[in-house]
file upload-v4.cif (mmCIF, C-alpha atoms)
data_upload
loop_
_atom_site.group_PDB
_atom_site.id
_atom_site.type_symbol
_atom_site.label_atom_id
_atom_site.label_comp_id
_atom_site.auth_asym_id
_atom_site.auth_seq_id
_atom_site.Cartn_x
_atom_site.Cartn_y
_atom_site.Cartn_z
ATOM 1 C CA MET A 22 1.513 16.287 -0.260
ATOM 2 C CA LEU A 23 -0.303 16.225 -3.588
ATOM 3 C CA ASN A 24 -0.366 19.350 -5.718
ATOM 4 C CA ARG A 25 -3.796 19.953 -7.168
ATOM 5 C CA THR A 26 -2.353 21.667 -10.245
ATOM 6 C CA ASP A 27 -0.597 18.444 -11.214
ATOM 7 C CA PHE A 28 -3.830 16.459 -11.421
ATOM 8 C CA LYS A 29 -7.129 16.832 -13.193
ATOM 9 C CA MET A 30 -9.316 16.318 -10.145
ATOM 10 C CA SER A 31 -12.050 18.110 -8.306
ATOM 11 C CA THR A 32 -11.409 19.900 -5.030
ATOM 12 C CA ARG A 33 -13.336 17.137 -3.259
ATOM 13 C CA ASP A 34 -11.138 14.409 -4.751
ATOM 14 C CA PHE A 35 -7.979 16.420 -4.154
ATOM 15 C CA VAL A 36 -8.778 16.775 -0.454
ATOM 16 C CA TYR A 37 -9.682 13.098 -0.119
ATOM 17 C CA GLU A 38 -6.537 11.870 -1.915
ATOM 18 C CA THR A 39 -4.293 14.236 0.029
ATOM 19 C CA ILE A 40 -5.578 13.132 3.428
ATOM 20 C CA ARG A 41 -5.594 9.485 2.388
ATOM 21 C CA GLU A 42 -1.996 9.672 1.217
ATOM 22 C CA SER A 43 -0.963 11.262 4.515
ATOM 23 C CA ILE A 44 -2.617 8.406 6.406
ATOM 24 C CA MET A 45 -1.155 5.678 4.190
ATOM 25 C CA THR A 46 2.380 7.083 4.447
ATOM 26 C CA LEU A 47 2.019 7.493 8.225
ATOM 27 C CA ASP A 48 2.452 11.254 8.045
ATOM 28 C CA LEU A 49 -0.828 11.046 9.951
ATOM 29 C CA PRO A 50 -0.041 8.047 12.179
ATOM 30 C CA PRO A 51 -2.639 5.670 13.618
ATOM 31 C CA GLY A 52 -4.533 7.228 16.504
ATOM 32 C CA SER A 53 -3.726 10.826 15.617
ATOM 33 C CA ALA A 54 -6.448 13.475 15.869
ATOM 34 C CA ILE A 55 -7.491 15.218 12.668
ATOM 35 C CA SER A 56 -9.483 18.431 12.424
ATOM 36 C CA GLU A 57 -11.733 19.554 9.580
ATOM 37 C CA LYS A 58 -10.891 23.166 10.330
ATOM 38 C CA GLU A 59 -7.121 22.626 10.326
ATOM 39 C CA ILE A 60 -7.198 20.555 7.134
ATOM 40 C CA ALA A 61 -9.323 23.179 5.378
ATOM 41 C CA GLU A 62 -6.884 25.902 6.377
ATOM 42 C CA GLU A 63 -3.818 23.876 5.396
ATOM 43 C CA LEU A 64 -5.213 22.970 1.966
ATOM 44 C CA GLU A 65 -6.829 26.375 1.496
ATOM 45 C CA VAL A 66 -10.287 24.973 0.745
ATOM 46 C CA SER A 67 -13.719 25.325 2.321
ATOM 47 C CA ARG A 68 -14.957 22.991 5.040
ATOM 48 C CA THR A 69 -17.440 21.234 2.694
ATOM 49 C CA PRO A 70 -14.967 19.149 0.629
ATOM 50 C CA VAL A 71 -13.076 18.322 3.826
ATOM 51 C CA ARG A 72 -16.253 17.099 5.469
ATOM 52 C CA GLU A 73 -17.033 14.981 2.392
ATOM 53 C CA ALA A 74 -13.502 13.572 2.427
ATOM 54 C CA PHE A 75 -13.870 12.665 6.095
ATOM 55 C CA LEU A 76 -17.039 10.718 5.289
ATOM 56 C CA ARG A 77 -15.294 8.789 2.514
ATOM 57 C CA LEU A 78 -12.318 8.045 4.741
ATOM 58 C CA THR A 79 -14.653 6.799 7.450
ATOM 59 C CA GLU A 80 -16.184 4.424 4.892
ATOM 60 C CA ASP A 81 -12.640 3.309 4.013
ATOM 61 C CA GLU A 82 -12.122 2.548 7.736
ATOM 62 C CA LEU A 83 -9.239 5.012 7.881
ATOM 63 C CA LEU A 84 -11.011 7.549 10.093
ATOM 64 C CA MET A 85 -13.314 7.153 13.066
ATOM 65 C CA VAL A 86 -15.512 9.804 14.626
ATOM 66 C CA LEU A 87 -15.937 9.746 18.399
ATOM 67 C CA PRO A 88 -18.857 11.832 19.700
ATOM 68 C CA GLN A 89 -17.754 14.834 21.789
ATOM 69 C CA ARG A 90 -14.111 13.985 21.119
ATOM 70 C CA GLY A 91 -13.467 14.475 17.403
ATOM 71 C CA SER A 92 -12.074 12.550 14.430
ATOM 72 C CA PHE A 93 -9.097 10.206 14.639
ATOM 73 C CA VAL A 94 -7.049 8.094 12.262
ATOM 74 C CA THR A 95 -8.001 4.464 12.881
ATOM 75 C CA LEU A 96 -5.579 2.150 14.609
ATOM 76 C CA ILE A 97 -4.194 -0.769 12.613
ATOM 77 C CA ASP A 98 -6.516 -3.750 12.966
ATOM 78 C CA LEU A 99 -4.693 -7.058 12.457
ATOM 79 C CA ASP A 100 -7.949 -8.869 11.653
ATOM 80 C CA HIS A 101 -8.422 -6.382 8.849
ATOM 81 C CA VAL A 102 -4.821 -7.019 7.753
ATOM 82 C CA GLU A 103 -5.417 -10.767 7.592
ATOM 83 C CA GLU A 104 -8.625 -10.417 5.553
ATOM 84 C CA ALA A 105 -6.829 -8.199 3.064
ATOM 85 C CA ARG A 106 -3.885 -10.599 2.879
ATOM 86 C CA PHE A 107 -6.264 -13.488 2.158
ATOM 87 C CA LEU A 108 -8.011 -11.578 -0.638
ATOM 88 C CA ARG A 109 -4.758 -10.299 -2.089
ATOM 89 C CA GLU A 110 -3.167 -13.744 -2.068
ATOM 90 C CA GLN A 111 -6.054 -15.292 -3.999
ATOM 91 C CA ALA A 112 -5.960 -12.507 -6.587
ATOM 92 C CA GLU A 113 -2.182 -12.248 -6.982
ATOM 93 C CA VAL A 114 -1.679 -15.987 -7.322
ATOM 94 C CA GLY A 115 -4.078 -15.852 -10.270
ATOM 95 C CA ILE A 116 -2.383 -12.763 -11.678
ATOM 96 C CA ILE A 117 1.146 -14.191 -11.588
ATOM 97 C CA ARG A 118 -0.060 -17.413 -13.187
ATOM 98 C CA LEU A 119 -1.503 -15.336 -16.013
ATOM 99 C CA ALA A 120 1.788 -13.457 -16.210
ATOM 100 C CA CYS A 121 3.659 -16.740 -16.678
ATOM 101 C CA ASP A 122 1.406 -17.525 -19.637
ATOM 102 C CA SER A 123 1.027 -14.138 -21.275
ATOM 103 C CA PHE A 124 3.644 -11.554 -20.252
ATOM 104 C CA ASN A 125 5.387 -9.976 -23.243
ATOM 105 C CA ASP A 126 8.932 -8.606 -23.430
ATOM 106 C CA TYR A 127 7.828 -5.041 -22.702
ATOM 107 C CA CYS A 128 6.008 -6.051 -19.497
ATOM 108 C CA LEU A 129 9.026 -8.035 -18.337
ATOM 109 C CA GLN A 130 11.284 -5.079 -19.087
ATOM 110 C CA GLN A 131 9.143 -2.799 -16.914
ATOM 111 C CA LEU A 132 9.426 -5.247 -14.020
ATOM 112 C CA GLU A 133 13.185 -5.506 -14.440
ATOM 113 C CA ILE A 134 13.557 -1.711 -14.451
ATOM 114 C CA ASN A 135 11.476 -1.572 -11.289
ATOM 115 C CA ILE A 136 13.664 -4.183 -9.574
ATOM 116 C CA GLU A 137 16.863 -2.310 -10.459
ATOM 117 C CA LYS A 138 15.359 0.787 -8.852
ATOM 118 C CA GLN A 139 14.439 -1.308 -5.792
ATOM 119 C CA LYS A 140 18.029 -2.504 -5.465
ATOM 120 C CA GLN A 141 19.275 1.074 -5.624
ATOM 121 C CA ALA A 142 16.713 2.229 -3.041
ATOM 122 C CA LYS A 143 17.756 -0.607 -0.734
ATOM 123 C CA LYS A 144 21.427 0.263 -1.202
ATOM 124 C CA THR A 145 20.832 3.919 -0.288
ATOM 125 C CA GLU A 146 18.374 2.947 2.492
ATOM 126 C CA ASP A 147 15.637 5.018 0.838
ATOM 127 C CA GLU A 148 12.594 3.450 2.500
ATOM 128 C CA LYS A 149 10.095 5.893 0.990
ATOM 129 C CA THR A 150 11.152 5.053 -2.551
ATOM 130 C CA LEU A 151 11.313 1.329 -1.806
ATOM 131 C CA PHE A 152 7.769 1.455 -0.426
ATOM 132 C CA VAL A 153 6.513 3.090 -3.627
ATOM 133 C CA LEU A 154 8.446 0.676 -5.866
ATOM 134 C CA ASP A 155 7.137 -2.362 -3.987
ATOM 135 C CA LYS A 156 3.593 -1.213 -4.638
ATOM 136 C CA GLU A 157 4.425 -0.345 -8.236
ATOM 137 C CA PHE A 158 5.846 -3.830 -8.879
ATOM 138 C CA HIS A 159 2.549 -5.475 -8.027
ATOM 139 C CA ARG A 160 0.615 -2.885 -10.015
ATOM 140 C CA LEU A 161 2.762 -3.680 -13.062
ATOM 141 C CA LEU A 162 1.919 -7.369 -12.695
ATOM 142 C CA ALA A 163 -1.791 -6.563 -12.679
ATOM 143 C CA GLU A 164 -1.507 -4.085 -15.528
ATOM 144 C CA GLY A 165 0.459 -6.510 -17.688
ATOM 145 C CA THR A 166 -2.209 -9.195 -17.263
ATOM 146 C CA LYS A 167 -5.065 -6.729 -17.842
ATOM 147 C CA LYS A 168 -6.261 -7.047 -14.263
ATOM 148 C CA LEU A 169 -5.723 -3.450 -13.175
ATOM 149 C CA ARG A 170 -9.288 -3.132 -11.888
ATOM 150 C CA VAL A 171 -8.678 -6.138 -9.639
ATOM 151 C CA TRP A 172 -5.568 -4.422 -8.270
ATOM 152 C CA LYS A 173 -7.554 -1.258 -7.574
ATOM 153 C CA VAL A 174 -10.182 -3.242 -5.656
ATOM 154 C CA ILE A 175 -7.431 -4.829 -3.568
ATOM 155 C CA GLN A 176 -5.972 -1.404 -2.812
ATOM 156 C CA LYS A 177 -9.314 -0.213 -1.455
ATOM 157 C CA MET A 178 -9.343 -3.070 1.049
ATOM 158 C CA ASP A 179 -5.598 -3.184 1.718
ATOM 159 C CA THR A 180 -5.443 0.054 3.706
ATOM 160 C CA HIS A 181 -4.487 -1.429 7.080
ATOM 161 C CA SER A 182 -1.945 -3.771 5.450
ATOM 162 C CA ASN A 183 -0.378 -0.924 3.513
ATOM 163 C CA ARG A 184 0.153 1.055 6.701
ATOM 164 C CA LEU A 185 1.673 -1.999 8.349
ATOM 165 C CA ARG A 186 3.910 -2.423 5.306
ATOM 166 C CA LYS A 187 5.003 1.205 5.488
ATOM 167 C CA LEU A 188 5.879 0.759 9.154
ATOM 168 C CA SER A 189 7.844 -2.380 8.285
ATOM 169 C CA MET A 190 9.766 -0.407 5.658
ATOM 170 C CA GLU A 191 10.631 2.303 8.166
ATOM 171 C CA LEU A 192 12.054 -0.302 10.543
ATOM 172 C CA LYS A 193 13.946 -1.938 7.634
ATOM 173 C CA LEU A 194 12.385 -5.355 8.184
ATOM 174 C CA ASN A 195 12.769 -7.966 5.418
ATOM 175 C CA TRP A 196 14.196 -5.543 2.851
ATOM 176 C CA ASP A 197 16.488 -8.231 1.439
ATOM 177 C CA GLN A 198 13.714 -10.811 1.162
ATOM 178 C CA LEU A 199 11.318 -8.321 -0.417
ATOM 179 C CA VAL A 200 13.667 -7.391 -3.266
ATOM 180 C CA GLU A 201 14.862 -10.982 -3.653
ATOM 181 C CA HIS A 202 11.295 -12.301 -3.946
ATOM 182 C CA HIS A 203 10.481 -9.774 -6.657
ATOM 183 C CA GLY A 204 13.547 -10.801 -8.656
ATOM 184 C CA GLU A 205 12.667 -14.476 -8.326
ATOM 185 C CA MET A 206 9.103 -13.776 -9.450
ATOM 186 C CA VAL A 207 10.412 -12.220 -12.653
ATOM 187 C CA SER A 208 12.675 -15.234 -13.220
ATOM 188 C CA ALA A 209 9.714 -17.572 -12.741
ATOM 189 C CA ILE A 210 7.631 -15.563 -15.208
ATOM 190 C CA LYS A 211 10.451 -15.687 -17.778
ATOM 191 C CA THR A 212 10.714 -19.475 -17.519
ATOM 192 C CA LYS A 213 6.913 -19.834 -17.309
ATOM 193 C CA ASP A 214 7.287 -21.718 -14.030
ATOM 194 C CA CYS A 215 3.772 -21.157 -12.685
ATOM 195 C CA GLU A 216 4.195 -23.417 -9.666
ATOM 196 C CA ARG A 217 7.335 -21.622 -8.512
ATOM 197 C CA ALA A 218 5.713 -18.236 -9.129
ATOM 198 C CA GLU A 219 2.706 -19.168 -6.987
ATOM 199 C CA VAL A 220 4.903 -20.324 -4.093
ATOM 200 C CA LEU A 221 6.838 -17.053 -4.275
ATOM 201 C CA VAL A 222 3.679 -14.945 -4.127
ATOM 202 C CA ARG A 223 2.353 -16.825 -1.104
ATOM 203 C CA THR A 224 5.707 -16.582 0.683
ATOM 204 C CA HIS A 225 6.085 -12.916 -0.227
ATOM 205 C CA LEU A 226 2.658 -11.899 1.033
ATOM 206 C CA GLY A 227 3.303 -13.813 4.254
ATOM 207 C CA LEU A 228 6.244 -11.584 5.219
ATOM 208 C CA LEU A 229 4.014 -9.167 7.117
ATOM 209 C CA GLN A 230 2.761 -11.983 9.330
ATOM 210 C CA TYR A 231 6.323 -12.482 10.589
ATOM 211 C CA ASP A 232 6.824 -8.733 11.025
ATOM 212 C CA GLN A 233 3.757 -8.128 13.175
ATOM 213 C CA LYS A 234 5.302 -9.058 16.530
ATOM 214 C CA ALA A 235 8.292 -6.751 16.032
ATOM 215 C CA LEU A 236 6.083 -3.926 14.778
ATOM 216 C CA ARG A 237 3.718 -4.173 17.733
ATOM 217 C CA LEU A 238 6.631 -4.159 20.180
ATOM 218 C CA GLU A 239 8.062 -1.039 18.536
ATOM 219 C CA HIS A 240 4.756 0.839 18.195
ATOM 220 C CA PRO A 241 2.075 -0.723 20.433
ATOM 221 C CA GLU A 242 0.117 2.559 20.313
ATOM 222 C CA TYR A 243 -0.547 2.051 16.594
ATOM 223 C CA PHE A 244 -2.540 -1.175 17.006
ATOM 224 C CA SER A 245 -6.154 -1.711 18.013
ATOM 225 C CA LYS A 246 -5.439 -4.835 20.062
#
call {"tool": "encode", "arguments": {"input": "upload-v4.cif", "output": "structure tokens"}}
result
Amino acid sequence: MLNRTDFKMSTRDFVYETIRESIMTLDLPPGSAISEKEIAEELEVSRTPVREAFLRLTEDELLMVLPQRGSFVTLIDLDHVEEARFLREQAEVGIIRLACDSFNDYCLQQLEINIEKQKQAKKTEDEKTLFVLDKEFHRLLAEGTKKLRVWKVIQKMDTHSNRLRKLSMELKLNWDQLVEHHGEMVSAIKTKDCERAEVLVRTHLGLLQYDQKALRLEHPEYFSK
């Protein structure tokens, strides 16, 4: 859970980010009930910022309010996942092409450090760290090409995909391919092989499509249909 003292943020933002993180990391799994009163007590805040956070999370399609029943974390919608994958693919293909043309030594070094950490996380079967590093790798690509705002827009829409990705990490699906793809992307950037880099991005972002059947069999209660 986030610690408010570590961040310069309002109580409202702190509550929103804390709940959102719990949903994205599956600490609050799809379909689980969530109470304004309990959250307020746990975070030691008034009900007002919690209520505001609930509204924002509803707009993010991470919470749904059912009359006379309460508030619940939304189930994973695979149509939503596909829309996000489509948007992300278009953006990240453009980003990695820019990286092939413009990445400097420092940006490449940051990616290589990230990949070494991924390898260590995979070796120790640390799925939580690997999940964070996977996300960080793609953020570094966007940051290095001065497209960080684009990455942030993708993150706003990628909520259902991120939860699916977290579930995939927990079940240790495609760990080898994930780390291998990232390493090959860096190699393609170094050699300025834009065509190879684009193929890698498309293949990489398609991994979740192959995982969906296994994930639904393991946790059918997490999916909307």
call {"tool": "resolve_selection", "arguments": {"input": "upload-v4.cif", "expression": "the PyMOL selection byres ((chain A and resi 44) around 10)", "output": "VMD selection string"}}
result
chain A and resid 38 to 43 45 to 51 53 78 83 to 84 94 to 95 180 184
call {"tool": "resolve_selection", "arguments": {"input": "upload-v4.cif", "expression": "the PyMOL selection byres ((chain A and resi 217) around 12)", "output": "PDB file with C-alpha atoms, keeping the file's coordinate frame"}}
result
ATOM      1  CA  VAL A 114      -1.679 -15.987  -7.322  1.00  0.00           C
ATOM      2  CA  ILE A 117       1.146 -14.191 -11.588  1.00  0.00           C
ATOM      3  CA  ARG A 118      -0.060 -17.413 -13.187  1.00  0.00           C
ATOM      4  CA  CYS A 121       3.659 -16.740 -16.678  1.00  0.00           C
ATOM      5  CA  HIS A 202      11.295 -12.301  -3.946  1.00  0.00           C
ATOM      6  CA  GLU A 205      12.667 -14.476  -8.326  1.00  0.00           C
ATOM      7  CA  MET A 206       9.103 -13.776  -9.450  1.00  0.00           C
ATOM      8  CA  VAL A 207      10.412 -12.220 -12.653  1.00  0.00           C
ATOM      9  CA  SER A 208      12.675 -15.234 -13.220  1.00  0.00           C
ATOM     10  CA  ALA A 209       9.714 -17.572 -12.741  1.00  0.00           C
ATOM     11  CA  ILE A 210       7.631 -15.563 -15.208  1.00  0.00           C
ATOM     12  CA  LYS A 211      10.451 -15.687 -17.778  1.00  0.00           C
ATOM     13  CA  THR A 212      10.714 -19.475 -17.519  1.00  0.00           C
ATOM     14  CA  LYS A 213       6.913 -19.834 -17.309  1.00  0.00           C
ATOM     15  CA  ASP A 214       7.287 -21.718 -14.030  1.00  0.00           C
ATOM     16  CA  CYS A 215       3.772 -21.157 -12.685  1.00  0.00           C
ATOM     17  CA  GLU A 216       4.195 -23.417  -9.666  1.00  0.00           C
ATOM     18  CA  ALA A 218       5.713 -18.236  -9.129  1.00  0.00           C
ATOM     19  CA  GLU A 219       2.706 -19.168  -6.987  1.00  0.00           C
ATOM     20  CA  VAL A 220       4.903 -20.324  -4.093  1.00  0.00           C
ATOM     21  CA  LEU A 221       6.838 -17.053  -4.275  1.00  0.00           C
ATOM     22  CA  VAL A 222       3.679 -14.945  -4.127  1.00  0.00           C
ATOM     23  CA  ARG A 223       2.353 -16.825  -1.104  1.00  0.00           C
ATOM     24  CA  THR A 224       5.707 -16.582   0.683  1.00  0.00           C
TER      25      THR A 224
END
call {"tool": "resolve_selection", "arguments": {"input": "upload-v4.cif", "expression": "the PyMOL selection byres ((chain A and resi 187) around 9)", "output": "ChimeraX atom specification"}}
result
/A:45-47,148-149,152,182-186,188-192
call {"tool": "residues_around", "arguments": {"input": "upload-v4.cif", "residues": "Leu108 of chain A", "least_positions_apart": "5", "cutoff": "9 Å", "atoms": "all atoms listed in the file", "output": "list in words"}}
result
Glu103, Glu113, Ile175 and Met178 of chain A
call {"tool": "residues_around", "arguments": {"input": "upload-v4.cif", "residues": "segment 171-173 of chain A", "least_positions_apart": "2", "cutoff": "10 Å", "atoms": "all atoms listed in the file", "output": "PDB file with C-alpha atoms, in the coordinates of the input"}}
result
ATOM      1  CA  ARG A 109      -4.758 -10.299  -2.089  1.00  0.00           C
ATOM      2  CA  ALA A 112      -5.960 -12.507  -6.587  1.00  0.00           C
ATOM      3  CA  GLU A 113      -2.182 -12.248  -6.982  1.00  0.00           C
ATOM      4  CA  ILE A 116      -2.383 -12.763 -11.678  1.00  0.00           C
ATOM      5  CA  HIS A 159       2.549  -5.475  -8.027  1.00  0.00           C
ATOM      6  CA  ARG A 160       0.615  -2.885 -10.015  1.00  0.00           C
ATOM      7  CA  LEU A 161       2.762  -3.680 -13.062  1.00  0.00           C
ATOM      8  CA  LEU A 162       1.919  -7.369 -12.695  1.00  0.00           C
ATOM      9  CA  ALA A 163      -1.791  -6.563 -12.679  1.00  0.00           C
ATOM     10  CA  GLU A 164      -1.507  -4.085 -15.528  1.00  0.00           C
ATOM     11  CA  LYS A 167      -5.065  -6.729 -17.842  1.00  0.00           C
ATOM     12  CA  LYS A 168      -6.261  -7.047 -14.263  1.00  0.00           C
ATOM     13  CA  LEU A 169      -5.723  -3.450 -13.175  1.00  0.00           C
ATOM     14  CA  ILE A 175      -7.431  -4.829  -3.568  1.00  0.00           C
ATOM     15  CA  GLN A 176      -5.972  -1.404  -2.812  1.00  0.00           C
ATOM     16  CA  LYS A 177      -9.314  -0.213  -1.455  1.00  0.00           C
ATOM     17  CA  MET A 178      -9.343  -3.070   1.049  1.00  0.00           C
ATOM     18  CA  ASP A 179      -5.598  -3.184   1.718  1.00  0.00           C
TER      19      ASP A 179
END
call {"tool": "residues_around", "arguments": {"input": "upload-v4.cif", "residues": "Thr150 of chain A", "least_positions_apart": "3", "cutoff": "12 Å", "atoms": "all atoms listed in the file", "output": "list in words"}}
result
Thr46, Asn135, Ile136, Lys138, Gln139, Lys140, Gln141, Ala142, Lys143, Lys144, Thr145, Glu146, Asp147, Val153, Leu154, Asp155, Lys156, Glu157, Lys187, Met190 and Glu191 of chain A
call {"tool": "closest_residue", "arguments": {"input": "upload-v4.cif", "among": "A:Thr166, A:Gln130, A:Ser92, A:Gln230", "to": "Ile55 of chain A", "atoms": "all atoms listed in the file"}}
result
A:Ser92
call {"tool": "residues_around", "arguments": {"input": "upload-v4.cif", "residues": "Leu99 of chain A", "least_positions_apart": "3", "cutoff": "9 Å", "atoms": "all atoms listed in the file", "output": "PDB file with C-alpha atoms, in the coordinates of the input"}}
result
ATOM      1  CA  VAL A 102      -4.821  -7.019   7.753  1.00  0.00           C
ATOM      2  CA  GLU A 103      -5.417 -10.767   7.592  1.00  0.00           C
ATOM      3  CA  GLU A 104      -8.625 -10.417   5.553  1.00  0.00           C
ATOM      4  CA  HIS A 181      -4.487  -1.429   7.080  1.00  0.00           C
ATOM      5  CA  SER A 182      -1.945  -3.771   5.450  1.00  0.00           C
ATOM      6  CA  GLN A 233       3.757  -8.128  13.175  1.00  0.00           C
ATOM      7  CA  PHE A 244      -2.540  -1.175  17.006  1.00  0.00           C
ATOM      8  CA  SER A 245      -6.154  -1.711  18.013  1.00  0.00           C
ATOM      9  CA  LYS A 246      -5.439  -4.835  20.062  1.00  0.00           C
TER      10      LYS A 246
END
call {"tool": "closest_residue", "arguments": {"input": "upload-v4.cif", "among": "A:Leu87, A:Leu229, A:Val71, A:Asp98", "to": "Glu59 of chain A", "atoms": "only C-alpha atoms"}}
result
A:Val71
call {"tool": "axis_aligned_box", "arguments": {"input": "upload-v4.cif", "around": "segment 178-194 of chain A", "padding_each_side": "3 Å", "output": "lines of an AutoDock Vina configuration file"}}
result
center_x = 2.3
center_y = -1.5
center_z = 5.8
size_x = 29.3
size_y = 13.7
size_z = 15.5
call {"tool": "closest_residue", "arguments": {"input": "upload-v4.cif", "among": "A:Tyr243, A:Phe124, A:Tyr37, A:Phe158", "to": "Arg77 of chain A", "atoms": "all atoms listed in the file"}}
result
A:Tyr37
call {"tool": "atom_distance", "arguments": {"input": "upload-v4.cif", "atom1": "atom CA of Lys58 of chain A", "atom2": "atom CA of Glu80 of chain A"}}
result
20.2 Å
call {"tool": "atom_distance", "arguments": {"input": "upload-v4.cif", "atom1": "atom CA of Lys234 of chain A", "atom2": "atom CA of Leu194 of chain A"}}
result
11.6 Å
call {"tool": "atom_distance", "arguments": {"input": "upload-v4.cif", "atom1": "atom CA of Cys128 of chain A", "atom2": "atom CA of Glu201 of chain A"}}
result
18.8 Å
call {"tool": "closest_residue", "arguments": {"input": "upload-v4.cif", "among": "A:Arg68, A:Arg237, A:His225, A:Arg90", "to": "Glu110 of chain A", "atoms": "only C-alpha atoms"}}
result
A:His225
call {"tool": "closest_residue", "arguments": {"input": "upload-v4.cif", "among": "A:Leu228, A:Arg72, A:Gly52, A:Leu132", "to": "Ile97 of chain A", "atoms": "all atoms listed in the file"}}
result
A:Gly52
call {"tool": "residues_around", "arguments": {"input": "upload-v4.cif", "residues": "Pro70 of chain A", "least_positions_apart": "4", "cutoff": "8 Å", "atoms": "all atoms listed in the file", "output": "ChimeraX atom specification"}}
result
/A:32-33,36,66,74
